[in-house]
$ cat final.cif   # mmCIF, C-alpha atoms
data_final
#
loop_
_atom_site.label_atom_id
_atom_site.label_comp_id
_atom_site.auth_asym_id
_atom_site.auth_seq_id
_atom_site.Cartn_x
_atom_site.Cartn_y
_atom_site.Cartn_z
CA MET A 1 -2.71 -13.30 -11.10
CA THR A 2 -4.82 -10.52 -12.59
CA ALA A 3 -5.20 -10.46 -16.36
CA PHE A 4 -4.44 -7.04 -17.82
CA ASP A 5 -3.12 -5.46 -20.99
CA PHE A 6 0.51 -4.77 -20.05
CA ASN A 7 1.39 -2.43 -22.91
CA GLU A 8 -1.82 -0.42 -22.61
CA THR A 9 -1.34 -0.10 -18.85
CA LEU A 10 2.31 0.91 -19.17
CA ASP A 11 1.49 3.54 -21.80
CA ARG A 12 -1.19 4.93 -19.50
CA TYR A 13 1.19 5.13 -16.54
CA MET A 14 3.70 7.01 -18.66
CA MET A 15 1.14 9.56 -19.88
CA PRO A 16 0.46 12.12 -17.11
CA GLN A 17 -2.59 14.31 -16.72
CA GLU A 18 -2.16 18.04 -17.33
CA ILE A 19 -3.13 19.06 -13.79
CA LEU A 20 -3.61 17.44 -10.39
CA SER A 21 -7.05 15.99 -9.71
CA PRO A 22 -9.57 18.86 -9.38
CA LEU A 23 -11.63 16.57 -7.13
CA ILE A 24 -8.81 16.62 -4.57
CA PHE A 25 -6.78 19.78 -5.18
CA ASP A 26 -7.49 23.43 -5.88
CA ALA A 27 -5.75 25.63 -8.47
CA ASP A 28 -2.84 26.20 -6.04
CA ASP A 29 -2.30 22.43 -5.61
CA LYS A 30 -3.68 22.56 -2.06
CA MET A 31 -6.15 19.93 -0.91
CA HIS A 32 -9.72 21.23 -0.77
CA GLU A 33 -10.53 21.70 2.92
CA ASN A 34 -13.88 19.91 2.69
CA VAL A 35 -12.14 16.93 1.02
CA ARG A 36 -9.45 16.94 3.70
CA GLN A 37 -11.96 16.96 6.55
CA ASN A 38 -14.05 14.18 5.01
CA LEU A 39 -11.00 11.98 4.47
CA LEU A 40 -9.87 12.59 8.05
CA LYS A 41 -13.33 11.48 9.25
CA ILE A 42 -13.11 8.26 7.24
CA VAL A 43 -9.60 7.53 8.49
CA GLY A 44 -10.80 8.28 12.02
CA LYS A 45 -13.49 5.59 11.69
CA ILE A 46 -10.92 3.07 10.48
CA ILE A 47 -8.55 3.90 13.33
CA TYR A 48 -11.46 3.50 15.77
CA LEU A 49 -12.30 0.06 14.34
CA THR A 50 -8.70 -1.18 14.42
CA ILE A 51 -6.20 0.23 16.92
CA THR A 52 -7.96 2.81 19.14
CA ASP A 53 -8.12 0.41 22.10
CA ILE A 54 -4.41 -0.40 21.94
CA LYS A 55 -2.69 2.01 24.30
CA GLY A 56 0.79 3.13 23.33
CA LEU A 57 0.28 3.31 19.57
CA GLU A 58 0.58 6.79 18.10
CA ILE A 59 -0.61 8.05 14.72
CA GLU A 60 2.35 9.88 13.19
CA ASP A 61 0.83 10.95 9.89
CA ILE A 62 -2.04 10.42 7.48
CA CYS A 63 -0.92 10.68 3.87
CA LEU A 64 -2.53 10.67 0.45
CA VAL A 65 -0.38 8.63 -1.94
CA GLY A 66 -0.91 6.85 -5.25
CA SER A 67 -2.48 8.08 -8.45
CA LEU A 68 -4.69 10.79 -6.97
CA SER A 69 -1.71 12.44 -5.26
CA GLY A 70 0.00 12.90 -8.61
CA PHE A 71 -0.56 13.08 -12.33
CA LEU A 72 -1.42 9.40 -12.98
CA TYR A 73 -5.02 9.46 -11.78
CA ARG A 74 -7.92 8.25 -13.87
CA GLU A 75 -11.69 8.45 -13.49
CA LYS A 76 -11.85 5.19 -11.51
CA SER A 77 -8.72 5.74 -9.39
CA ASP A 78 -9.01 4.82 -5.70
CA ILE A 79 -8.10 7.27 -2.95
CA ASP A 80 -5.01 5.65 -1.46
CA ILE A 81 -4.16 6.67 2.10
CA TYR A 82 -1.32 5.58 4.36
CA VAL A 83 -1.59 5.91 8.12
CA THR A 84 1.85 5.74 9.71
CA VAL A 85 1.84 4.25 13.20
CA LYS A 86 4.51 4.36 15.92
CA ASN A 87 4.75 2.19 19.02
CA THR A 88 5.59 4.62 21.81
CA SER A 89 4.72 2.58 24.90
CA CYS A 90 2.66 -0.50 24.02
CA LYS A 91 4.27 -3.41 25.88
CA GLU A 92 2.10 -6.02 24.15
CA LEU A 93 3.68 -5.21 20.77
CA THR A 94 7.33 -5.22 19.83
CA LYS A 95 8.84 -1.93 18.68
CA ASP A 96 10.47 -3.75 15.77
CA LYS A 97 8.99 -2.12 12.66
CA GLN A 98 8.62 -5.37 10.75
CA HIS A 99 6.54 -6.97 13.51
CA LEU A 100 4.52 -3.77 13.93
CA GLY A 101 4.01 -3.76 10.17
CA ILE A 102 2.55 -7.28 10.27
CA PHE A 103 0.19 -6.27 13.07
CA THR A 104 -1.05 -3.06 11.44
CA SER A 105 -1.44 -4.80 8.08
CA ALA A 106 -3.47 -7.56 9.74
CA GLN A 107 -5.78 -4.97 11.31
CA THR A 108 -6.69 -3.35 8.00
CA ASN A 109 -6.94 -6.73 6.26
CA ALA A 110 -9.39 -7.84 8.95
CA LEU A 111 -11.63 -4.92 8.03
CA LYS A 112 -11.60 -6.04 4.39
CA LEU A 113 -12.51 -9.59 5.41
CA ARG A 114 -15.50 -8.12 7.25
CA ASN A 115 -16.37 -6.35 3.99
CA ALA A 116 -15.92 -2.92 5.59
CA ARG A 117 -15.64 -0.50 2.68
CA PHE A 118 -15.40 3.28 2.79
CA HIS A 119 -16.11 5.62 -0.11
CA TYR A 120 -15.85 9.32 -0.85
CA GLN A 121 -17.41 10.86 -3.95
CA ASP A 122 -18.05 7.33 -5.32
CA LYS A 123 -14.36 6.49 -4.97
CA LEU A 124 -13.04 3.68 -2.79
CA VAL A 125 -10.93 5.00 0.08
CA ASP A 126 -8.18 2.40 0.44
CA VAL A 127 -6.49 2.93 3.82
CA LYS A 128 -3.35 1.05 4.82
CA MET A 129 -1.52 1.22 8.12
CA SER A 130 2.23 0.94 8.38
CA PRO A 131 5.12 1.91 10.67
CA TYR A 132 6.92 3.19 7.56
CA LEU A 133 6.42 6.59 5.99
CA PRO A 134 5.54 5.83 2.37
CA MET A 135 7.96 7.66 0.09
CA TYR A 136 6.33 7.38 -3.29
CA ALA A 137 6.61 9.72 -6.25
CA SER A 138 4.08 12.02 -4.57
CA ILE A 139 2.82 12.33 -0.98
CA TYR A 140 0.41 14.80 0.56
CA SER A 141 0.10 14.90 4.35
CA ILE A 142 -3.63 15.14 5.01
CA LYS A 143 -2.92 15.52 8.72
CA GLU A 144 -0.54 18.46 8.31
CA ASN A 145 -2.19 19.77 5.12
CA THR A 146 1.06 20.06 3.16
CA TRP A 147 3.11 18.35 0.48
CA LEU A 148 5.81 15.99 1.71
CA VAL A 149 6.81 15.01 -1.83
CA LYS A 150 5.25 17.18 -4.51
CA PRO A 151 4.89 15.47 -7.91
CA ASN A 152 6.96 16.78 -10.80
CA LYS A 153 5.41 16.24 -14.21
CA ASP A 154 8.75 16.95 -15.92
CA GLU A 155 10.10 13.65 -14.55
CA PHE A 156 8.01 11.77 -17.11
CA LYS A 157 10.21 13.19 -19.89
CA HIS A 158 13.24 11.29 -18.59
CA ILE A 159 11.67 7.82 -18.29
CA LYS A 160 12.62 5.21 -20.89
CA LYS A 161 9.94 2.63 -21.58
CA GLU A 162 12.42 -0.21 -22.16
CA ASP A 163 14.10 0.47 -18.81
CA VAL A 164 10.75 0.23 -17.01
CA ILE A 165 9.92 -3.04 -18.79
CA ASN A 166 13.31 -4.59 -17.95
CA GLU A 167 13.06 -3.57 -14.29
CA TYR A 168 9.49 -4.87 -14.08
CA LEU A 169 10.43 -8.26 -15.53
CA LEU A 170 13.44 -8.55 -13.22
CA LYS A 171 11.45 -7.65 -10.09
CA LYS A 172 8.63 -10.02 -11.06
CA LYS A 173 11.04 -12.92 -11.63
CA ILE A 174 12.80 -12.37 -8.30
CA ILE A 175 9.51 -12.17 -6.37
CA LEU A 176 7.96 -15.29 -7.95
CA ASN A 177 11.15 -17.32 -7.52
CA GLN A 178 11.38 -16.33 -3.86
CA LEU A 179 7.70 -17.16 -3.30
CA GLU A 180 8.18 -20.60 -4.85
CA ASP A 181 11.30 -21.17 -2.73
CA PHE A 182 9.46 -20.34 0.51
CA GLU A 183 6.56 -22.66 -0.34
CA LYS A 184 9.01 -25.52 -0.94
CA LYS A 185 10.94 -25.01 2.29
CA TYR A 186 8.27 -24.14 4.88
CA THR A 187 4.76 -25.11 6.00
CA GLY A 188 2.15 -23.98 8.51
CA PHE A 189 2.69 -20.94 10.70
CA GLU A 190 6.37 -20.84 9.78
CA LEU A 191 5.43 -20.44 6.12
CA ALA A 192 2.83 -17.79 7.03
CA ASP A 193 5.42 -15.81 9.05
CA LYS A 194 8.05 -16.08 6.33
CA LEU A 195 5.58 -14.87 3.70
CA HIS A 196 4.41 -11.97 5.89
CA PHE A 197 7.99 -10.76 6.28
CA PHE A 198 8.64 -11.32 2.58
CA TYR A 199 5.54 -9.27 1.71
CA LEU A 200 6.73 -6.39 3.89
CA GLN A 201 10.26 -6.54 2.53
CA THR A 202 8.97 -6.59 -1.04
CA MET A 203 6.65 -3.64 -0.49
CA ASN A 204 9.35 -1.70 1.36
CA GLN A 205 11.56 -1.83 -1.74
CA PHE A 206 9.16 0.71 -3.20
CA VAL A 207 8.87 2.80 -0.02
CA THR A 208 12.24 4.53 0.23
CA HIS A 209 13.57 8.04 -0.20
CA LYS A 210 15.72 6.82 -3.11
CA ASN A 211 12.87 5.75 -5.35
CA LYS A 212 12.33 7.39 -8.71
CA LEU A 213 9.11 7.85 -10.66
CA SER A 214 10.09 4.82 -12.78
CA ASP A 215 10.20 2.71 -9.58
CA HIS A 216 6.68 3.85 -8.81
CA ILE A 217 5.51 2.79 -12.27
CA VAL A 218 7.11 -0.66 -11.80
CA TYR A 219 5.33 -0.88 -8.44
CA LYS A 220 2.01 0.01 -10.09
CA LEU A 221 2.50 -2.62 -12.79
CA LEU A 222 3.33 -5.35 -10.26
CA GLY A 223 0.29 -4.38 -8.22
CA LYS A 224 -1.95 -4.32 -11.30
CA GLU A 225 -0.87 -7.84 -12.18
CA GLY A 226 -1.62 -9.00 -8.64
CA ILE A 227 1.94 -9.94 -7.60
CA PHE A 228 1.63 -8.39 -4.13
CA ASN A 229 -1.80 -9.96 -3.59
CA LEU A 230 -0.27 -13.29 -4.57
CA ILE A 231 2.19 -13.08 -1.66
CA SER A 232 -0.32 -11.85 0.93
CA GLY A 233 -2.89 -14.40 -0.28
CA ALA A 234 -0.38 -17.23 0.07
CA ALA A 235 0.46 -16.06 3.60
CA MET A 236 -3.21 -15.88 4.58
CA LYS A 237 -3.86 -19.33 3.08
CA ALA A 238 -0.95 -20.85 5.03
CA TYR A 239 -2.20 -19.24 8.23
CA MET A 240 -5.83 -20.37 7.75
CA ILE A 241 -4.84 -23.95 6.80
CA ASN A 242 -2.70 -24.25 9.91
CA CYS A 243 -5.45 -22.82 12.15
CA SER A 244 -7.96 -25.27 10.67
CA PHE A 245 -5.52 -28.16 11.16
CA GLN A 246 -4.99 -27.28 14.83
CA LYS A 247 -8.73 -26.91 15.42
CA ASP A 248 -9.45 -30.32 13.88
CA ASN A 249 -6.79 -31.99 16.01
CA ALA A 250 -8.16 -30.36 19.17
CA LEU A 251 -11.58 -31.94 18.67
#
$ encode --input "final.cif" --output "structure tokens"
Amino acid sequence: MTAFDFNETLDRYMMPQEILSPLIFDADDKMHENVRQNLLKIVGKIIYLTITDIKGLEIEDICLVGSLSGFLYREKSDIDIYVTVKNTSCKELTKDKQHLGIFTSAQTNALKLRNARFHYQDKLVDVKMSPYLPMYASIYSIKENTWLVKPNKDEFKHIKKEDVINEYLLKKKIILNQLEDFEKKYTGFELADKLHFFYLQTMNQFVTHKNKLSDHIVYKLLGKEGIFNLISGAAMKAYMINCSFQKDNAL
């Protein structure tokens, strides 16, 4: 897991900027049109490299989320974008959102394995694909050029640090215990599948309409420590080990 200063990171997440990022938004909190067009071009390249050839998949929305969509951005913050995908008529893929989530996640992960990186204004553009609309503390639809969830800086006044810490510790304990339990019970592709579903379920806890700003901060802390990467890495390792085992036995 990633080494980081927990208290320093938590204090930073609870200390909002005065205004939204001037790199992304104008004085009226509207995304700069040149920024919007450039981000759409980058997302278009990623869609072309991943799912363009799969007929029946529809792009529902392209959303800016994360730090740069709210008041928690810093100088080195990535540009986090979610592309929501819907299966309208693709017979090769199930319409079950969990299975579609595994597929879309695998497509973007494959780009990372090929070291495909996209940047805008020296910032990494981190694009994820999902069948779920991400409902974080702040969401800006780049596609529709409007706020879906506009950040409210006043919410920070109502967050108690001890509540965030307790929720973080509880979530971390549950995730690590479940991960350990899966690795004891399953092996091979079965383990890989179980971990993929577990990863999606874990992430989806933080992608609901009911989430508060404090939930988003817990999510950021877990991500900063590498908890989510731990699950996805374990799933990828189980998948690769099983593929290698099958290849060796086929020789």
$ closest_residue --input "final.cif" --among "A:Leu10, A:Leu39, A:Ile175, A:Val218" --to "Tyr199 in chain A" --atoms "all atoms listed in the file"
A:Ile175
$ residues_near_point --input "final.cif" --point "(3.8, -15.7, 6.3)" --cutoff "12 Å" --atoms "all atoms listed in the file" --output "ChimeraX atom specification"
/A:99,102,106,179,182-183,186-201,230-242
$ resolve_selection --input "final.cif" --expression "the PyMOL selection byres ((chain A and resi 214) around 12)" --output "PyMOL selection string"
chain A and resi 10+13-14+136-137+155-168+206+210-213+215-221
$ resolve_selection --input "final.cif" --expression "the PyMOL selection byres ((chain A and resi 70-81) around 10)" --output "MDAnalysis selection string"
chainID A and resid 12:21 24 39 43 62:69 82:84 119:120 122:129 134 136:142 149:153 156 217
$ residues_around --input "final.cif" --residues "Val85 in chain A" --least-positions-apart "6" --cutoff "10 Å" --atoms "only C-alpha atoms" --output "list in words"
Ile51, Leu57, Glu58, Ile59, Glu60, Asp61, Ile62, Lys97, Leu100, Gly101, Thr104, Met129, Ser130, Pro131, Tyr132 and Leu133 of chain A
$ atom_distance --input "final.cif" --atom1 "CA of Lys86 in chain A" --atom2 "CA of Ile46 in chain A"
16.4 Å
$ atom_distance --input "final.cif" --atom1 "CA of Leu170 in chain A" --atom2 "CA of Met1 in chain A"
17.0 Å
$ resolve_selection --input "final.cif" --expression "the PyMOL selection byres ((chain A and resi 145) around 9)" --output "list in words"
Lys30, Met31, Glu33, Arg36, Tyr140, Ser141, Ile142, Lys143, Glu144, Thr146 and Trp147 of chain A
$ atom_distance --input "final.cif" --atom1 "CA of Ala3 in chain A" --atom2 "CA of Glu225 in chain A"
6.6 Å
$ residues_near_point --input "final.cif" --point "(4.9, -10.3, -11.5)" --cutoff "8 Å" --atoms "all atoms listed in the file" --output "list in words"
Tyr168, Leu169, Lys171, Lys172, Lys173, Ile175, Leu176, Leu222, Glu225, Gly226 and Ile227 of chain A
$ write_last_selection --input "final.cif" --atoms "C-alpha atoms" --output "PDB file, in the frame of the given file"
ATOM      1  CA  TYR A 168       9.490  -4.870 -14.080  1.00  0.00           C
ATOM      2  CA  LEU A 169      10.430  -8.260 -15.530  1.00  0.00           C
ATOM      3  CA  LYS A 171      11.450  -7.650 -10.090  1.00  0.00           C
ATOM      4  CA  LYS A 172       8.630 -10.020 -11.060  1.00  0.00           C
ATOM      5  CA  LYS A 173      11.040 -12.920 -11.630  1.00  0.00           C
ATOM      6  CA  ILE A 175       9.510 -12.170  -6.370  1.00  0.00           C
ATOM      7  CA  LEU A 176       7.960 -15.290  -7.950  1.00  0.00           C
ATOM      8  CA  LEU A 222       3.330  -5.350 -10.260  1.00  0.00           C
ATOM      9  CA  GLU A 225      -0.870  -7.840 -12.180  1.00  0.00           C
ATOM     10  CA  GLY A 226      -1.620  -9.000  -8.640  1.00  0.00           C
ATOM     11  CA  ILE A 227       1.940  -9.940  -7.600  1.00  0.00           C
TER      12      ILE A 227
END
$ axis_aligned_box --input "final.cif" --around "range 41-47 of chain A" --padding-each-side "4 Å" --output "lines of an AutoDock Vina configuration file"
center_x = -11.0
center_y = 7.3
center_z = 10.3
size_x = 12.9
size_y = 16.4
size_z = 14.1
$ residues_around --input "final.cif" --residues "Ser89 in chain A" --least-positions-apart "5" --cutoff "12 Å" --atoms "only C-alpha atoms" --output "mmCIF file with C-alpha atoms, in the frame of the given file"
data_model
loop_
_atom_site.group_PDB
_atom_site.id
_atom_site.type_symbol
_atom_site.label_atom_id
_atom_site.label_comp_id
_atom_site.auth_asym_id
_atom_site.auth_seq_id
_atom_site.Cartn_x
_atom_site.Cartn_y
_atom_site.Cartn_z
ATOM 1 C CA ILE A 54 -4.410 -0.400 21.940
ATOM 2 C CA LYS A 55 -2.690 2.010 24.300
ATOM 3 C CA GLY A 56 0.790 3.130 23.330
ATOM 4 C CA LEU A 57 0.280 3.310 19.570
ATOM 5 C CA GLU A 58 0.580 6.790 18.100
ATOM 6 C CA THR A 94 7.330 -5.220 19.830
ATOM 7 C CA LYS A 95 8.840 -1.930 18.680
#
$ decode --input "final.cif" --residues "range 104-236 of chain A" --atoms "C-alpha atoms" --output "compact mmCIF listing (two decimals), in the first residue's frame"
# COMPACT_ATOMS: atom_id res chain seq x y z
CA THR A 104 -15.22 -1.28 -19.55
CA SER A 105 -12.76 -1.24 -16.67
CA ALA A 106 -10.61 -3.83 -18.45
CA GLN A 107 -10.57 -1.68 -21.60
CA THR A 108 -9.18 1.38 -19.84
CA ASN A 109 -6.77 -0.74 -17.78
CA ALA A 110 -5.45 -2.25 -21.02
CA LEU A 111 -4.57 1.25 -22.21
CA LYS A 112 -2.58 1.84 -19.02
CA LEU A 113 -0.72 -1.44 -19.49
CA ARG A 114 0.23 -0.21 -22.96
CA ASN A 115 1.52 2.95 -21.25
CA ALA A 116 -1.02 5.11 -23.10
CA ARG A 117 -1.09 8.39 -21.20
CA PHE A 118 -2.98 11.56 -22.05
CA HIS A 119 -2.24 15.02 -20.68
CA TYR A 120 -3.77 18.47 -20.83
CA GLN A 121 -1.91 21.54 -19.58
CA ASP A 122 0.72 19.24 -18.00
CA LYS A 123 -1.99 17.42 -16.04
CA LEU A 124 -2.71 13.72 -16.39
CA VAL A 125 -6.17 13.10 -17.83
CA ASP A 126 -7.37 9.99 -15.99
CA VAL A 127 -10.35 8.56 -17.88
CA LYS A 128 -12.44 5.72 -16.50
CA MET A 129 -15.35 3.97 -18.18
CA SER A 130 -18.31 2.68 -16.25
CA PRO A 131 -22.00 1.80 -16.72
CA TYR A 132 -22.69 3.80 -13.55
CA LEU A 133 -23.14 7.55 -13.37
CA PRO A 134 -20.59 8.68 -10.78
CA MET A 135 -22.37 10.64 -8.06
CA TYR A 136 -19.53 12.26 -6.19
CA ALA A 137 -19.56 15.49 -4.23
CA SER A 138 -19.25 17.40 -7.52
CA ILE A 139 -19.88 16.43 -11.15
CA TYR A 140 -19.70 18.52 -14.30
CA SER A 141 -21.07 17.04 -17.53
CA ILE A 142 -18.49 17.91 -20.17
CA LYS A 143 -20.77 16.46 -22.84
CA GLU A 144 -23.78 18.58 -21.90
CA ASN A 145 -21.71 21.51 -20.56
CA THR A 146 -23.61 21.79 -17.28
CA TRP A 147 -23.37 20.95 -13.60
CA LEU A 148 -24.99 17.69 -12.53
CA VAL A 149 -23.88 18.12 -8.91
CA LYS A 150 -22.48 21.55 -8.14
CA PRO A 151 -20.02 21.63 -5.22
CA ASN A 152 -21.04 23.49 -2.09
CA LYS A 153 -18.14 24.88 -0.08
CA ASP A 154 -20.40 25.40 2.96
CA GLU A 155 -20.59 21.60 3.40
CA PHE A 156 -17.04 21.60 4.74
CA LYS A 157 -18.25 23.48 7.83
CA HIS A 158 -20.37 20.51 8.92
CA ILE A 159 -17.72 17.77 8.64
CA LYS A 160 -16.24 16.40 11.87
CA LYS A 161 -12.69 15.13 11.55
CA GLU A 162 -13.18 12.30 14.06
CA ASP A 163 -16.21 11.02 12.14
CA VAL A 164 -14.19 10.88 8.92
CA ILE A 165 -11.35 9.02 10.67
CA ASN A 166 -13.72 6.46 12.23
CA GLU A 167 -15.49 5.83 8.92
CA TYR A 168 -12.17 5.52 7.09
CA LEU A 169 -10.82 2.96 9.59
CA LEU A 170 -14.05 0.96 9.46
CA LYS A 171 -14.17 0.89 5.64
CA LYS A 172 -10.49 -0.03 5.44
CA LYS A 173 -10.89 -2.90 7.91
CA ILE A 174 -13.92 -4.31 6.09
CA ILE A 175 -12.19 -4.14 2.69
CA LEU A 176 -8.93 -5.77 3.84
CA ASN A 177 -10.76 -8.52 5.73
CA GLN A 178 -12.90 -9.30 2.69
CA LEU A 179 -9.85 -9.33 0.42
CA GLU A 180 -8.07 -11.76 2.74
CA ASP A 181 -11.18 -13.96 2.90
CA PHE A 182 -11.43 -14.18 -0.90
CA GLU A 183 -7.75 -15.09 -1.26
CA LYS A 184 -8.20 -17.93 1.25
CA LYS A 185 -11.30 -19.36 -0.40
CA TYR A 186 -10.65 -19.06 -4.14
CA THR A 187 -7.90 -19.49 -6.74
CA GLY A 188 -7.36 -18.94 -10.46
CA PHE A 189 -10.03 -17.39 -12.64
CA GLU A 190 -12.62 -17.83 -9.90
CA LEU A 191 -10.53 -15.67 -7.59
CA ALA A 192 -10.00 -13.11 -10.37
CA ASP A 193 -13.77 -12.92 -11.03
CA LYS A 194 -14.62 -12.64 -7.35
CA LEU A 195 -12.09 -9.84 -6.90
CA HIS A 196 -13.34 -7.98 -9.98
CA PHE A 197 -16.88 -8.00 -8.60
CA PHE A 198 -15.60 -7.05 -5.15
CA TYR A 199 -13.68 -4.12 -6.65
CA LEU A 200 -16.80 -2.86 -8.43
CA GLN A 201 -18.98 -3.30 -5.36
CA THR A 202 -16.44 -1.48 -3.21
CA MET A 203 -16.12 1.43 -5.63
CA ASN A 204 -19.89 1.63 -6.08
CA GLN A 205 -20.31 2.29 -2.36
CA PHE A 206 -18.90 5.73 -3.12
CA VAL A 207 -20.91 6.25 -6.32
CA THR A 208 -24.46 6.79 -5.07
CA HIS A 209 -26.87 9.68 -4.83
CA LYS A 210 -26.84 9.34 -1.02
CA ASN A 211 -23.17 10.10 -0.55
CA LYS A 212 -22.05 13.10 1.45
CA LEU A 213 -18.88 15.15 1.12
CA SER A 214 -17.45 13.20 4.07
CA ASP A 215 -17.94 9.96 2.08
CA HIS A 216 -15.96 11.50 -0.74
CA ILE A 217 -13.12 12.37 1.63
CA VAL A 218 -13.08 8.78 2.96
CA TYR A 219 -12.97 7.58 -0.66
CA LYS A 220 -10.03 9.90 -1.38
CA LEU A 221 -8.13 8.66 1.67
CA LEU A 222 -8.65 5.00 0.76
CA GLY A 223 -7.51 5.73 -2.78
CA LYS A 224 -4.48 7.67 -1.56
CA GLU A 225 -3.42 4.73 0.58
CA GLY A 226 -3.79 2.38 -2.39
CA ILE A 227 -6.64 0.23 -1.04
CA PHE A 228 -8.52 0.15 -4.35
CA ASN A 229 -5.33 -0.58 -6.30
CA LEU A 230 -4.67 -3.43 -3.87
CA ILE A 231 -7.94 -5.12 -4.90
CA SER A 232 -7.56 -4.54 -8.65
CA GLY A 233 -3.89 -5.58 -8.49
CA ALA A 234 -4.79 -8.82 -6.71
CA ALA A 235 -7.45 -9.54 -9.35
CA MET A 236 -5.01 -8.88 -12.20
